[in-house]
Amino acid sequence: MMDRKDFQAIYMLWLRQMKRFLRTKSRVVATIVQPLFFLFILGFGLNIAIFPGMEGSYITFLAPGIIAMAILFSSMFTGVSVLWDRQSGFLQEVLVAPVSRLSIVIGRTFGGATVALIQGLIIMVIAIVLGVQISGLRGFLLTIFFMILLSFTAVGFGLILASTMRDFEGFQSIMSLIVMPLMFLSSSFYPINESLPDWLRILSFCNPLFYMVDGIRGSFTGINYVIPPLINLGIILVICIIIMVLGTHFFNKSEI
Amino acid sequence: MNIITTENLTKTFNSFTAVDHIKFSVKEGEIFGFLGPNGAGKTTTIKMLTTLLYPTEGSASIAGFDILKQRAQVRENIGVVFQEPALDTELTCRENLDFHARMYGLSAETRKKRIVEVLTLVNLLDKKDVLVKNYSSGMKRRLEIARGLMHSPRVLFLDEPTLGLDAQTRRVIWDYIKQLNKIENTTIFLTTHYMDEADFLCKNIGIIDKGKIIVMNRVEALKKSIGNDVITLVCSDNIVLQQRLSRELWINKTTLYGSFLTLGVERGEEKIPVIFEIARQVNVSISSVDVRKPTLDDVFLHYTGRHIREQTTEAVVSRAFKPVGFHPRRQK
């Protein structure tokens with residue numbers, strides 16, 4: 001099904017995204033600075049707070065959540081930027097080319113994942129500089145794997161949004177009405193344990209993002225996690241496949 | 001040989017029929033024009049032929065491939081220049097072409113060779129490393145035409161190729177279109193609502209209005225069908241004068257359009273005194289008279305009862321009255 005042309009197309013779509021990313025300096029800065037604000041302000045602001053059952057410093061607890069956040073926002077943006085391509089007309093140029101829709105989706109996903117991974121790694125390095133202890137090489141590699149899966153899932157989610165919406169206003173409301181609450185329920189900012197009300201814990205366990213953040217935490221710092229990282233990995237793999245299939249399906253179906 | 005044929009091609013959006021059972025064919029190597037006012041269904045037709053929209057009914061084939069069943073082969077054989085610009089403005093001209101070439105699977109040597117060839121054709125070679133966002137709209141259009149040609153398609157679709165460009169740039173683009181049709185032997189399917197454009201470029205045209213093809217023929221034949229000269233009269237009683245004139249055998253055809261009357265005749269300037277004499281006999285006073293060679297506008301008027309221009313002016317006026325800052329096309 002895939003031939004040389006499809007691989008060329010994947011490479012080209014990836015390359016285009018890299019070029020665009022490096023050329024829009026403001027985006028590079030904004031997408032790194034925003035999570036850093038969270039890391040610094042929340043990290044130092046809440047460092048004196050004591051959460052029941054939390055090991056280590058608050059910033060150690062917070063860092064995995066912020067890495068996940070950076071990757072989530074960046075990848076979702078990549079998915080949704082299909083909308084921008086549609087509005088600028090460029091999407092037509094891509095869709096009229098003799099390559100399969102699947103390779104277009106793969107190219108964009110790889111491009112988005114690469115950008116997100118670079119941003120995630122930068123946050124990671126800054127977190128380590130700020131004194132966050134990492135669990136070891138195996139944990140580090142596992143973290144990268146989690147980051148890639150999170151990125152793919154978020155691009156897929158963005159693609160679903162972009163295929164069902166016609167403008168950016170819809171994206172803004174999705175961000176504040178769905179993504180922000182998911183972020184707050186993901187255990188990024190406070191530990192999810194028995195001291196919380198039941199309904200809040202149940203909501204958290206229904207949140208796909210929880211498993212991503214918990215997985216990154218379990219592998220990156222190796223403390224304060226709820227579910228063993230490899231089980232998280234399994235759960236996320238399933239979610240990622242479902243979302244990617246849905247994203248591809250919606251993208252396939254959408255007309256100009 | 002026919003390179004494009006359609007069979008009852010139809011597209012319905014909810015309850016609105018944008019393209020209504022159209023049937024036409026285009027011969028290999030020609031420049032074929034689809035002429036019609038805004039909203040006639042031209043762009044929808046192009047989008048179906050280029051596999052971007054699924055027809056609700058009917059089908060078409062391009063270069064022998066079915067647009068429904070052989071979408072990939074259709075895409076390999078066509079180039080498209082869309083009505084709205086479809087360039088990545090964050091990339092340079094060369095990068096846009098390179099992107100396109102790789103999407104069509106051209107080898108490295110072919111890519112290099114073609115970029116020089118197509119940019120020479122549209123005269124942009126010296127600007128190839130400039131970011132497209134710094135291009136003027138005329139340059140963007142030329143680049144898009146060049147890009148459409150990169151992979152040497154057998155059919156090039158041009159959707160309103162000179163929309164929104166100034167007169168001088170339009171002339172330049174017309175020349176490029178004629179040249180590439182000759183040099184690359186590319187079949188060109190273009191849509192336009194400019195009659196002068198269709199007149200200058202196309203040998204065969206189809207007039208489309210409200211989703212239907214009204215008439216299809218050679219441009220000359222269409223003009224001839226309404227007479228060698230067209231006389232337009234405005235007078236005190238159109239109906240009486242028309243009834244009287246329709247008895248004259250030297251008049252090919254008289255048509256009444258509300259406030260004015262048109263006659264198709266031979267050697268129009270010699271007929272004016274005769275017409276005045278007849279009008280005096282039936283007590284009708286003529287307030288204005290005009291003689292000219294028939295244009296495609298007369299053809300359009302003849303077949304649809306409306307001017308193509310009226311709608312264009314309307315569109316321009318309504319756009320001008322939109323609130324400040326709302327210029328959807330120009331903004332991008």
# chains A, B, ... in the order shown; residues from 1 in each chain; ligands from 1
call {"tool": "interface_residues", "arguments": {"of": "chain A", "to": "chain B", "cutoff": "10 Å", "atoms": "only C-alpha atoms", "output": "PDB file with N, CA, C and O atoms, in the first residue's frame"}}
result
ATOM      1  N   ASP A   3       4.220   3.174  -0.967  1.00  0.00           N
ATOM      2  CA  ASP A   3       5.370   3.031  -1.842  1.00  0.00           C
ATOM      3  C   ASP A   3       6.354   4.171  -1.576  1.00  0.00           C
ATOM      4  O   ASP A   3       6.183   4.945  -0.648  1.00  0.00           O
ATOM      5  N   ARG A   4       7.361   4.235  -2.431  1.00  0.00           N
ATOM      6  CA  ARG A   4       8.430   5.215  -2.257  1.00  0.00           C
ATOM      7  C   ARG A   4       7.877   6.644  -2.149  1.00  0.00           C
ATOM      8  O   ARG A   4       8.322   7.452  -1.351  1.00  0.00           O
ATOM      9  N   LYS A   5       6.858   6.892  -2.970  1.00  0.00           N
ATOM     10  CA  LYS A   5       6.273   8.229  -2.995  1.00  0.00           C
ATOM     11  C   LYS A   5       5.674   8.605  -1.638  1.00  0.00           C
ATOM     12  O   LYS A   5       5.804   9.729  -1.174  1.00  0.00           O
ATOM     13  N   ASP A   6       5.065   7.605  -1.006  1.00  0.00           N
ATOM     14  CA  ASP A   6       4.463   7.869   0.305  1.00  0.00           C
ATOM     15  C   ASP A   6       5.528   8.207   1.353  1.00  0.00           C
ATOM     16  O   ASP A   6       5.347   9.098   2.166  1.00  0.00           O
ATOM     17  N   PHE A   7       6.659   7.480   1.275  1.00  0.00           N
ATOM     18  CA  PHE A   7       7.728   7.782   2.235  1.00  0.00           C
ATOM     19  C   PHE A   7       8.306   9.173   1.986  1.00  0.00           C
ATOM     20  O   PHE A   7       8.625   9.917   2.909  1.00  0.00           O
ATOM     21  N   GLN A   8       8.452   9.501   0.696  1.00  0.00           N
ATOM     22  CA  GLN A   8       8.918  10.851   0.336  1.00  0.00           C
ATOM     23  C   GLN A   8       7.973  11.893   0.914  1.00  0.00           C
ATOM     24  O   GLN A   8       8.398  12.914   1.443  1.00  0.00           O
ATOM     25  N   ALA A   9       6.665  11.617   0.791  1.00  0.00           N
ATOM     26  CA  ALA A   9       5.665  12.574   1.271  1.00  0.00           C
ATOM     27  C   ALA A   9       5.756  12.721   2.785  1.00  0.00           C
ATOM     28  O   ALA A   9       5.693  13.835   3.307  1.00  0.00           O
ATOM     29  N   ILE A  10       5.916  11.602   3.490  1.00  0.00           N
ATOM     30  CA  ILE A  10       6.044  11.665   4.953  1.00  0.00           C
ATOM     31  C   ILE A  10       7.247  12.517   5.327  1.00  0.00           C
ATOM     32  O   ILE A  10       7.170  13.421   6.153  1.00  0.00           O
ATOM     33  N   TYR A  11       8.374  12.236   4.660  1.00  0.00           N
ATOM     34  CA  TYR A  11       9.592  12.996   4.949  1.00  0.00           C
ATOM     35  C   TYR A  11       9.373  14.486   4.680  1.00  0.00           C
ATOM     36  O   TYR A  11       9.758  15.348   5.468  1.00  0.00           O
ATOM     37  N   MET A  12       8.695  14.784   3.547  1.00  0.00           N
ATOM     38  CA  MET A  12       8.510  16.183   3.152  1.00  0.00           C
ATOM     39  C   MET A  12       7.603  16.916   4.132  1.00  0.00           C
ATOM     40  O   MET A  12       7.871  18.066   4.486  1.00  0.00           O
ATOM     41  N   LEU A  13       6.544  16.247   4.567  1.00  0.00           N
ATOM     42  CA  LEU A  13       5.631  16.888   5.518  1.00  0.00           C
ATOM     43  C   LEU A  13       6.337  17.113   6.850  1.00  0.00           C
ATOM     44  O   LEU A  13       6.140  18.131   7.516  1.00  0.00           O
ATOM     45  N   LEU A  15       9.621  17.523   7.175  1.00  0.00           N
ATOM     46  CA  LEU A  15      10.612  18.586   6.954  1.00  0.00           C
ATOM     47  C   LEU A  15       9.947  19.965   6.959  1.00  0.00           C
ATOM     48  O   LEU A  15      10.468  20.924   7.522  1.00  0.00           O
ATOM     49  N   ARG A  16       8.774  20.040   6.351  1.00  0.00           N
ATOM     50  CA  ARG A  16       8.055  21.312   6.299  1.00  0.00           C
ATOM     51  C   ARG A  16       7.767  21.796   7.716  1.00  0.00           C
ATOM     52  O   ARG A  16       7.932  22.965   8.033  1.00  0.00           O
ATOM     53  N   LYS A  19      10.891  23.124   9.387  1.00  0.00           N
ATOM     54  CA  LYS A  19      11.262  24.447   8.871  1.00  0.00           C
ATOM     55  C   LYS A  19      10.360  25.525   9.448  1.00  0.00           C
ATOM     56  O   LYS A  19      10.820  26.582   9.873  1.00  0.00           O
ATOM     57  N   ARG A  20       9.056  25.232   9.438  1.00  0.00           N
ATOM     58  CA  ARG A  20       8.107  26.222   9.962  1.00  0.00           C
ATOM     59  C   ARG A  20       8.359  26.479  11.437  1.00  0.00           C
ATOM     60  O   ARG A  20       8.303  27.612  11.898  1.00  0.00           O
ATOM     61  N   PHE A  21       8.647  25.407  12.167  1.00  0.00           N
ATOM     62  CA  PHE A  21       8.886  25.547  13.611  1.00  0.00           C
ATOM     63  C   PHE A  21      10.098  26.432  13.856  1.00  0.00           C
ATOM     64  O   PHE A  21      10.053  27.367  14.654  1.00  0.00           O
ATOM     65  N   ARG A  23      11.418  28.583  11.906  1.00  0.00           N
ATOM     66  CA  ARG A  23      11.320  29.938  11.362  1.00  0.00           C
ATOM     67  C   ARG A  23      10.395  30.835  12.153  1.00  0.00           C
ATOM     68  O   ARG A  23      10.501  32.049  12.086  1.00  0.00           O
ATOM     69  N   THR A  24       9.437  30.247  12.882  1.00  0.00           N
ATOM     70  CA  THR A  24       8.563  31.095  13.698  1.00  0.00           C
ATOM     71  C   THR A  24       9.104  31.109  15.125  1.00  0.00           C
ATOM     72  O   THR A  24       8.694  30.340  15.972  1.00  0.00           O
ATOM     73  N   ASP A  85      -4.011  25.241   7.837  1.00  0.00           N
ATOM     74  CA  ASP A  85      -3.700  24.877   6.455  1.00  0.00           C
ATOM     75  C   ASP A  85      -4.948  24.901   5.595  1.00  0.00           C
ATOM     76  O   ASP A  85      -4.896  25.224   4.420  1.00  0.00           O
ATOM     77  N   ARG A  86      -6.070  24.522   6.206  1.00  0.00           N
ATOM     78  CA  ARG A  86      -7.316  24.545   5.446  1.00  0.00           C
ATOM     79  C   ARG A  86      -7.692  25.987   5.135  1.00  0.00           C
ATOM     80  O   ARG A  86      -8.054  26.314   4.021  1.00  0.00           O
ATOM     81  N   GLN A  87      -7.575  26.852   6.148  1.00  0.00           N
ATOM     82  CA  GLN A  87      -7.960  28.251   5.925  1.00  0.00           C
ATOM     83  C   GLN A  87      -7.020  28.944   4.953  1.00  0.00           C
ATOM     84  O   GLN A  87      -7.452  29.745   4.150  1.00  0.00           O
ATOM     85  N   SER A  88      -5.730  28.624   5.032  1.00  0.00           N
ATOM     86  CA  SER A  88      -4.791  29.286   4.121  1.00  0.00           C
ATOM     87  C   SER A  88      -4.837  28.651   2.740  1.00  0.00           C
ATOM     88  O   SER A  88      -4.220  29.162   1.816  1.00  0.00           O
ATOM     89  N   GLY A  89      -5.558  27.532   2.599  1.00  0.00           N
ATOM     90  CA  GLY A  89      -5.680  26.903   1.287  1.00  0.00           C
ATOM     91  C   GLY A  89      -4.628  25.853   1.014  1.00  0.00           C
ATOM     92  O   GLY A  89      -4.744  25.081   0.073  1.00  0.00           O
ATOM     93  N   PHE A  90      -3.576  25.810   1.840  1.00  0.00           N
ATOM     94  CA  PHE A  90      -2.465  24.897   1.560  1.00  0.00           C
ATOM     95  C   PHE A  90      -2.882  23.431   1.636  1.00  0.00           C
ATOM     96  O   PHE A  90      -2.313  22.582   0.957  1.00  0.00           O
ATOM     97  N   LEU A  91      -3.881  23.157   2.466  1.00  0.00           N
ATOM     98  CA  LEU A  91      -4.345  21.769   2.612  1.00  0.00           C
ATOM     99  C   LEU A  91      -4.770  21.175   1.270  1.00  0.00           C
ATOM    100  O   LEU A  91      -4.556  20.001   0.996  1.00  0.00           O
ATOM    101  N   GLN A  92      -5.359  22.008   0.407  1.00  0.00           N
ATOM    102  CA  GLN A  92      -5.789  21.534  -0.910  1.00  0.00           C
ATOM    103  C   GLN A  92      -4.607  21.018  -1.701  1.00  0.00           C
ATOM    104  O   GLN A  92      -4.688  20.003  -2.365  1.00  0.00           O
ATOM    105  N   GLU A  93      -3.499  21.761  -1.626  1.00  0.00           N
ATOM    106  CA  GLU A  93      -2.279  21.363  -2.330  1.00  0.00           C
ATOM    107  C   GLU A  93      -1.823  19.986  -1.841  1.00  0.00           C
ATOM    108  O   GLU A  93      -1.386  19.145  -2.619  1.00  0.00           O
ATOM    109  N   VAL A  94      -1.951  19.745  -0.531  1.00  0.00           N
ATOM    110  CA  VAL A  94      -1.526  18.462   0.028  1.00  0.00           C
ATOM    111  C   VAL A  94      -2.499  17.355  -0.386  1.00  0.00           C
ATOM    112  O   VAL A  94      -2.093  16.267  -0.779  1.00  0.00           O
ATOM    113  N   LEU A  95      -3.794  17.658  -0.319  1.00  0.00           N
ATOM    114  CA  LEU A  95      -4.796  16.620  -0.561  1.00  0.00           C
ATOM    115  C   LEU A  95      -4.912  16.225  -2.030  1.00  0.00           C
ATOM    116  O   LEU A  95      -5.351  15.132  -2.352  1.00  0.00           O
ATOM    117  N   VAL A  96      -4.509  17.131  -2.919  1.00  0.00           N
ATOM    118  CA  VAL A  96      -4.656  16.831  -4.340  1.00  0.00           C
ATOM    119  C   VAL A  96      -3.444  16.050  -4.867  1.00  0.00           C
ATOM    120  O   VAL A  96      -3.454  15.537  -5.975  1.00  0.00           O
ATOM    121  N   ALA A  97      -2.424  15.922  -4.032  1.00  0.00           N
ATOM    122  CA  ALA A  97      -1.229  15.173  -4.427  1.00  0.00           C
ATOM    123  C   ALA A  97      -1.537  13.667  -4.405  1.00  0.00           C
ATOM    124  O   ALA A  97      -2.362  13.218  -3.619  1.00  0.00           O
ATOM    125  N   PRO A  98      -0.855  12.899  -5.267  1.00  0.00           N
ATOM    126  CA  PRO A  98      -1.172  11.465  -5.362  1.00  0.00           C
ATOM    127  C   PRO A  98      -0.527  10.643  -4.253  1.00  0.00           C
ATOM    128  O   PRO A  98       0.186   9.699  -4.499  1.00  0.00           O
ATOM    129  N   VAL A  99      -0.744  11.035  -3.003  1.00  0.00           N
ATOM    130  CA  VAL A  99      -0.241  10.242  -1.876  1.00  0.00           C
ATOM    131  C   VAL A  99      -1.434   9.873  -0.997  1.00  0.00           C
ATOM    132  O   VAL A  99      -2.442  10.569  -0.991  1.00  0.00           O
ATOM    133  N   SER A 100      -1.280   8.777  -0.248  1.00  0.00           N
ATOM    134  CA  SER A 100      -2.414   8.323   0.550  1.00  0.00           C
ATOM    135  C   SER A 100      -2.638   9.272   1.729  1.00  0.00           C
ATOM    136  O   SER A 100      -1.713   9.913   2.219  1.00  0.00           O
ATOM    137  N   ILE A 104      -0.145  11.282   4.817  1.00  0.00           N
ATOM    138  CA  ILE A 104      -0.260  12.691   5.217  1.00  0.00           C
ATOM    139  C   ILE A 104      -0.399  12.771   6.738  1.00  0.00           C
ATOM    140  O   ILE A 104       0.273  13.570   7.401  1.00  0.00           O
ATOM    141  N   SER A 254     -13.038  14.094   6.027  1.00  0.00           N
ATOM    142  CA  SER A 254     -13.304  15.519   5.849  1.00  0.00           C
ATOM    143  C   SER A 254     -13.032  15.940   4.409  1.00  0.00           C
ATOM    144  O   SER A 254     -12.044  15.557   3.820  1.00  0.00           O
ATOM    145  N   GLU A 255     -13.950  16.723   3.864  1.00  0.00           N
ATOM    146  CA  GLU A 255     -13.772  17.262   2.522  1.00  0.00           C
ATOM    147  C   GLU A 255     -13.249  18.683   2.667  1.00  0.00           C
ATOM    148  O   GLU A 255     -13.176  19.212   3.764  1.00  0.00           O
ATOM    149  N   ILE A 256     -12.896  19.256   1.534  1.00  0.00           N
ATOM    150  CA  ILE A 256     -12.380  20.623   1.572  1.00  0.00           C
ATOM    151  C   ILE A 256     -13.513  21.601   1.857  1.00  0.00           C
ATOM    152  O   ILE A 256     -14.539  21.547   1.223  1.00  0.00           O
TER     153      ILE A 256
END
call {"tool": "select_by_dssp", "arguments": {"residues": "stretch 134-246 of chain A", "states": "alpha helix (DSSP H)", "output": "VMD selection string"}}
result
chain A and resid 137 to 164 168 to 174 180 to 184 198 to 205 208 to 220 229 to 246
call {"tool": "select_by_dssp", "arguments": {"residues": "stretch 206-298 of chain B", "states": "strand (DSSP E or B)", "output": "MDAnalysis selection string"}}
result
chainID B and resid 206:209 212:218 229:235 253:257 260:265 286:292
call {"tool": "atom_distance", "arguments": {"atom1": "atom CA of B:Thr12", "atom2": "atom CA of B:Pro37"}}
result
18.5 Å
call {"tool": "residues_around", "arguments": {"residues": "A:Tyr211", "least_positions_apart": "6", "cutoff": "9 Å", "atoms": "only C-alpha atoms", "output": "count of residues only"}}
result
8
call {"tool": "residues_around", "arguments": {"residues": "A:Gly112", "least_positions_apart": "6", "cutoff": "12 Å", "atoms": "only C-alpha atoms", "output": "JSON, numbers by chain"}}
result
{"A": [13, 14, 15, 16, 17, 18, 19, 20, 21, 71, 72, 73, 74, 75, 76, 77, 78, 79, 80, 81, 82, 105, 106, 118, 119, 147, 148, 149, 150, 151, 152, 153, 154, 155, 156, 158, 159]}
call {"tool": "write_last_selection", "arguments": {"atoms": "N, CA and C atoms", "output": "compact mmCIF listing (two decimals), in the first residue's frame"}}
result
# COMPACT_ATOMS: atom_id res chain seq x y z
N LEU A 13 6.54 16.25 4.57
CA LEU A 13 5.63 16.89 5.52
C LEU A 13 6.34 17.11 6.85
N TRP A 14 7.19 16.17 7.22
CA TRP A 14 7.97 16.31 8.45
C TRP A 14 8.94 17.50 8.33
N LEU A 15 9.62 17.52 7.18
CA LEU A 15 10.61 18.59 6.95
C LEU A 15 9.95 19.96 6.96
N ARG A 16 8.77 20.04 6.35
CA ARG A 16 8.06 21.31 6.30
C ARG A 16 7.77 21.80 7.72
N GLN A 17 7.34 20.86 8.56
CA GLN A 17 7.00 21.26 9.92
C GLN A 17 8.23 21.73 10.70
N MET A 18 9.36 21.05 10.48
CA MET A 18 10.60 21.47 11.13
C MET A 18 10.97 22.89 10.70
N LYS A 19 10.89 23.12 9.39
CA LYS A 19 11.26 24.45 8.87
C LYS A 19 10.36 25.52 9.45
N ARG A 20 9.06 25.23 9.44
CA ARG A 20 8.11 26.22 9.96
C ARG A 20 8.36 26.48 11.44
N PHE A 21 8.65 25.41 12.17
CA PHE A 21 8.89 25.55 13.61
C PHE A 21 10.10 26.43 13.86
N ILE A 71 4.22 18.86 26.10
CA ILE A 71 4.04 17.96 24.95
C ILE A 71 2.60 17.97 24.47
N LEU A 72 1.68 17.95 25.42
CA LEU A 72 0.26 17.94 25.07
C LEU A 72 -0.11 19.18 24.26
N PHE A 73 0.25 20.36 24.76
CA PHE A 73 -0.14 21.60 24.08
C PHE A 73 0.50 21.70 22.70
N SER A 74 1.79 21.39 22.65
CA SER A 74 2.50 21.50 21.39
C SER A 74 1.92 20.53 20.34
N SER A 75 1.64 19.31 20.75
CA SER A 75 1.14 18.31 19.78
C SER A 75 -0.28 18.61 19.36
N MET A 76 -1.09 19.05 20.32
CA MET A 76 -2.47 19.40 19.96
C MET A 76 -2.47 20.53 18.95
N PHE A 77 -1.55 21.46 19.17
CA PHE A 77 -1.44 22.58 18.23
C PHE A 77 -1.11 22.07 16.83
N THR A 78 -0.20 21.11 16.75
CA THR A 78 0.16 20.53 15.45
C THR A 78 -1.07 19.92 14.77
N GLY A 79 -1.84 19.16 15.55
CA GLY A 79 -3.03 18.53 14.99
C GLY A 79 -4.01 19.57 14.49
N VAL A 80 -4.22 20.57 15.32
CA VAL A 80 -5.22 21.57 14.98
C VAL A 80 -4.73 22.50 13.87
N SER A 81 -3.41 22.58 13.67
CA SER A 81 -2.91 23.49 12.64
C SER A 81 -3.33 23.03 11.24
N VAL A 82 -3.87 21.83 11.13
CA VAL A 82 -4.50 21.41 9.87
C VAL A 82 -5.57 22.42 9.48
N VAL A 105 -1.24 11.89 7.29
CA VAL A 105 -1.42 11.88 8.74
C VAL A 105 -0.11 11.50 9.44
N ILE A 106 0.58 10.47 8.91
CA ILE A 106 1.83 10.04 9.54
C ILE A 106 2.88 11.16 9.49
N ILE A 118 11.29 17.80 21.32
CA ILE A 118 12.36 18.78 21.57
C ILE A 118 11.96 19.67 22.75
N GLN A 119 10.70 20.11 22.73
CA GLN A 119 10.25 20.98 23.81
C GLN A 119 10.22 20.25 25.14
N MET A 147 6.67 10.02 26.26
CA MET A 147 6.51 11.33 25.62
C MET A 147 6.06 11.17 24.17
N ILE A 148 6.66 10.19 23.48
CA ILE A 148 6.29 9.96 22.08
C ILE A 148 4.82 9.53 21.98
N LEU A 149 4.43 8.61 22.87
CA LEU A 149 3.04 8.13 22.84
C LEU A 149 2.07 9.27 23.13
N LEU A 150 2.41 10.08 24.14
CA LEU A 150 1.54 11.22 24.49
C LEU A 150 1.41 12.15 23.30
N SER A 151 2.54 12.38 22.65
CA SER A 151 2.54 13.29 21.52
C SER A 151 1.66 12.77 20.38
N PHE A 152 1.80 11.49 20.04
CA PHE A 152 0.97 10.89 18.99
C PHE A 152 -0.51 11.02 19.33
N THR A 153 -0.83 10.71 20.59
CA THR A 153 -2.24 10.78 21.01
C THR A 153 -2.77 12.19 20.86
N ALA A 154 -1.96 13.16 21.30
CA ALA A 154 -2.43 14.56 21.26
C ALA A 154 -2.56 15.06 19.82
N VAL A 155 -1.64 14.65 18.93
CA VAL A 155 -1.78 15.05 17.52
C VAL A 155 -3.08 14.46 16.97
N GLY A 156 -3.32 13.19 17.32
CA GLY A 156 -4.55 12.53 16.86
C GLY A 156 -5.79 13.25 17.35
N GLY A 158 -5.93 16.39 18.21
CA GLY A 158 -5.98 17.66 17.47
C GLY A 158 -6.56 17.47 16.08
N LEU A 159 -6.21 16.34 15.43
CA LEU A 159 -6.73 16.06 14.09
C LEU A 159 -8.24 15.87 14.11
call {"tool": "residues_around", "arguments": {"residues": "stretch 208-211 of chain B", "least_positions_apart": "4", "cutoff": "8 Å", "atoms": "only C-alpha atoms", "output": "list in words"}}
result
Thr17, Ala18, Val19, Asp20, Ile22, Phe34, Leu35, Gly36, Pro37, Gly39, Ala40, Gly41, Lys42, Val215 and Thr304 of chain B
call {"tool": "write_last_selection", "arguments": {"atoms": "C-alpha atoms", "output": "PDB file, in the first residue's frame"}}
result
ATOM      1  CA  THR B  17     -27.715  21.786  -5.943  1.00  0.00           C
ATOM      2  CA  ALA B  18     -24.429  23.452  -6.842  1.00  0.00           C
ATOM      3  CA  VAL B  19     -23.744  21.359  -9.936  1.00  0.00           C
ATOM      4  CA  ASP B  20     -26.695  19.841 -11.725  1.00  0.00           C
ATOM      5  CA  ILE B  22     -23.500  18.369 -16.211  1.00  0.00           C
ATOM      6  CA  PHE B  34     -15.911  27.357 -18.125  1.00  0.00           C
ATOM      7  CA  LEU B  35     -17.585  30.747 -18.169  1.00  0.00           C
ATOM      8  CA  GLY B  36     -20.199  31.744 -15.649  1.00  0.00           C
ATOM      9  CA  PRO B  37     -21.052  34.177 -12.866  1.00  0.00           C
ATOM     10  CA  GLY B  39     -21.774  30.835  -7.625  1.00  0.00           C
ATOM     11  CA  ALA B  40     -22.549  29.115 -10.936  1.00  0.00           C
ATOM     12  CA  GLY B  41     -20.856  25.903  -9.796  1.00  0.00           C
ATOM     13  CA  LYS B  42     -17.479  26.300 -11.507  1.00  0.00           C
ATOM     14  CA  VAL B 215     -24.447  25.986 -24.030  1.00  0.00           C
ATOM     15  CA  THR B 304     -29.459  33.267 -19.818  1.00  0.00           C
TER      16      THR B 304
END
call {"tool": "closest_atom_pairs", "arguments": {"of": "stretch 17-50 of chain A", "to": "stretch 59-68 of chain A", "cutoff": "8 Å", "atoms": "only C-alpha atoms", "output": "Markdown table"}}
result
| residue | atom | partner | partner_atom | distance |
| --- | --- | --- | --- | --- |
| A:Pro35 | CA | A:Ile66 | CA | 6.0 |
| A:Leu36 | CA | A:Ile66 | CA | 7.9 |
| A:Phe38 | CA | A:Ile66 | CA | 7.2 |
| A:Leu39 | CA | A:Ile66 | CA | 6.5 |
| A:Gly43 | CA | A:Ile59 | CA | 4.7 |
| A:Phe44 | CA | A:Ile59 | CA | 7.1 |
| A:Asn47 | CA | A:Ile59 | CA | 6.6 |
call {"tool": "residues_around", "arguments": {"residues": "stretch 177-180 of chain B", "least_positions_apart": "4", "cutoff": "9 Å", "atoms": "only C-alpha atoms", "output": "PyMOL selection string"}}
result
chain B and resi 31+121+145+149+172-173+184-186+188+201
call {"tool": "residues_around", "arguments": {"residues": "B:Ser236", "least_positions_apart": "2", "cutoff": "8 Å", "atoms": "only C-alpha atoms", "output": "VMD selection string"}}
result
chain B and resid 234 238 284 to 287
call {"tool": "write_last_selection", "arguments": {"atoms": "N, CA, C and O atoms", "output": "CSV table (one decimal), in the first residue's frame"}}
result
chain,number,residue,atom,x,y,z
B,234,VAL,N,-32.8,51.5,-27.0
B,234,VAL,CA,-33.6,51.9,-25.9
B,234,VAL,C,-34.7,52.8,-26.5
B,234,VAL,O,-34.3,53.8,-27.1
B,238,ASN,N,-40.8,49.4,-26.3
B,238,ASN,CA,-40.0,48.3,-26.8
B,238,ASN,C,-40.9,47.2,-27.5
B,238,ASN,O,-40.5,46.6,-28.5
B,284,VAL,N,-42.7,55.2,-32.5
B,284,VAL,CA,-41.8,54.9,-31.4
B,284,VAL,C,-40.6,55.8,-31.5
B,284,VAL,O,-40.0,55.9,-32.5
B,285,SER,N,-40.2,56.5,-30.4
B,285,SER,CA,-39.0,57.3,-30.4
B,285,SER,C,-37.9,56.5,-29.8
B,285,SER,O,-38.0,55.9,-28.7
B,286,ILE,N,-36.7,56.5,-30.5
B,286,ILE,CA,-35.5,55.8,-30.0
B,286,ILE,C,-34.7,56.8,-29.2
B,286,ILE,O,-34.3,57.9,-29.7
B,287,SER,N,-34.3,56.4,-28.0
B,287,SER,CA,-33.5,57.4,-27.2
B,287,SER,C,-32.1,57.0,-27.1
B,287,SER,O,-31.2,57.8,-26.8
call {"tool": "closest_residue", "arguments": {"among": "A:Met69, A:Val245, A:Ile231, A:Lys25", "to": "A:Phe184", "atoms": "only C-alpha atoms"}}
result
A:Met69
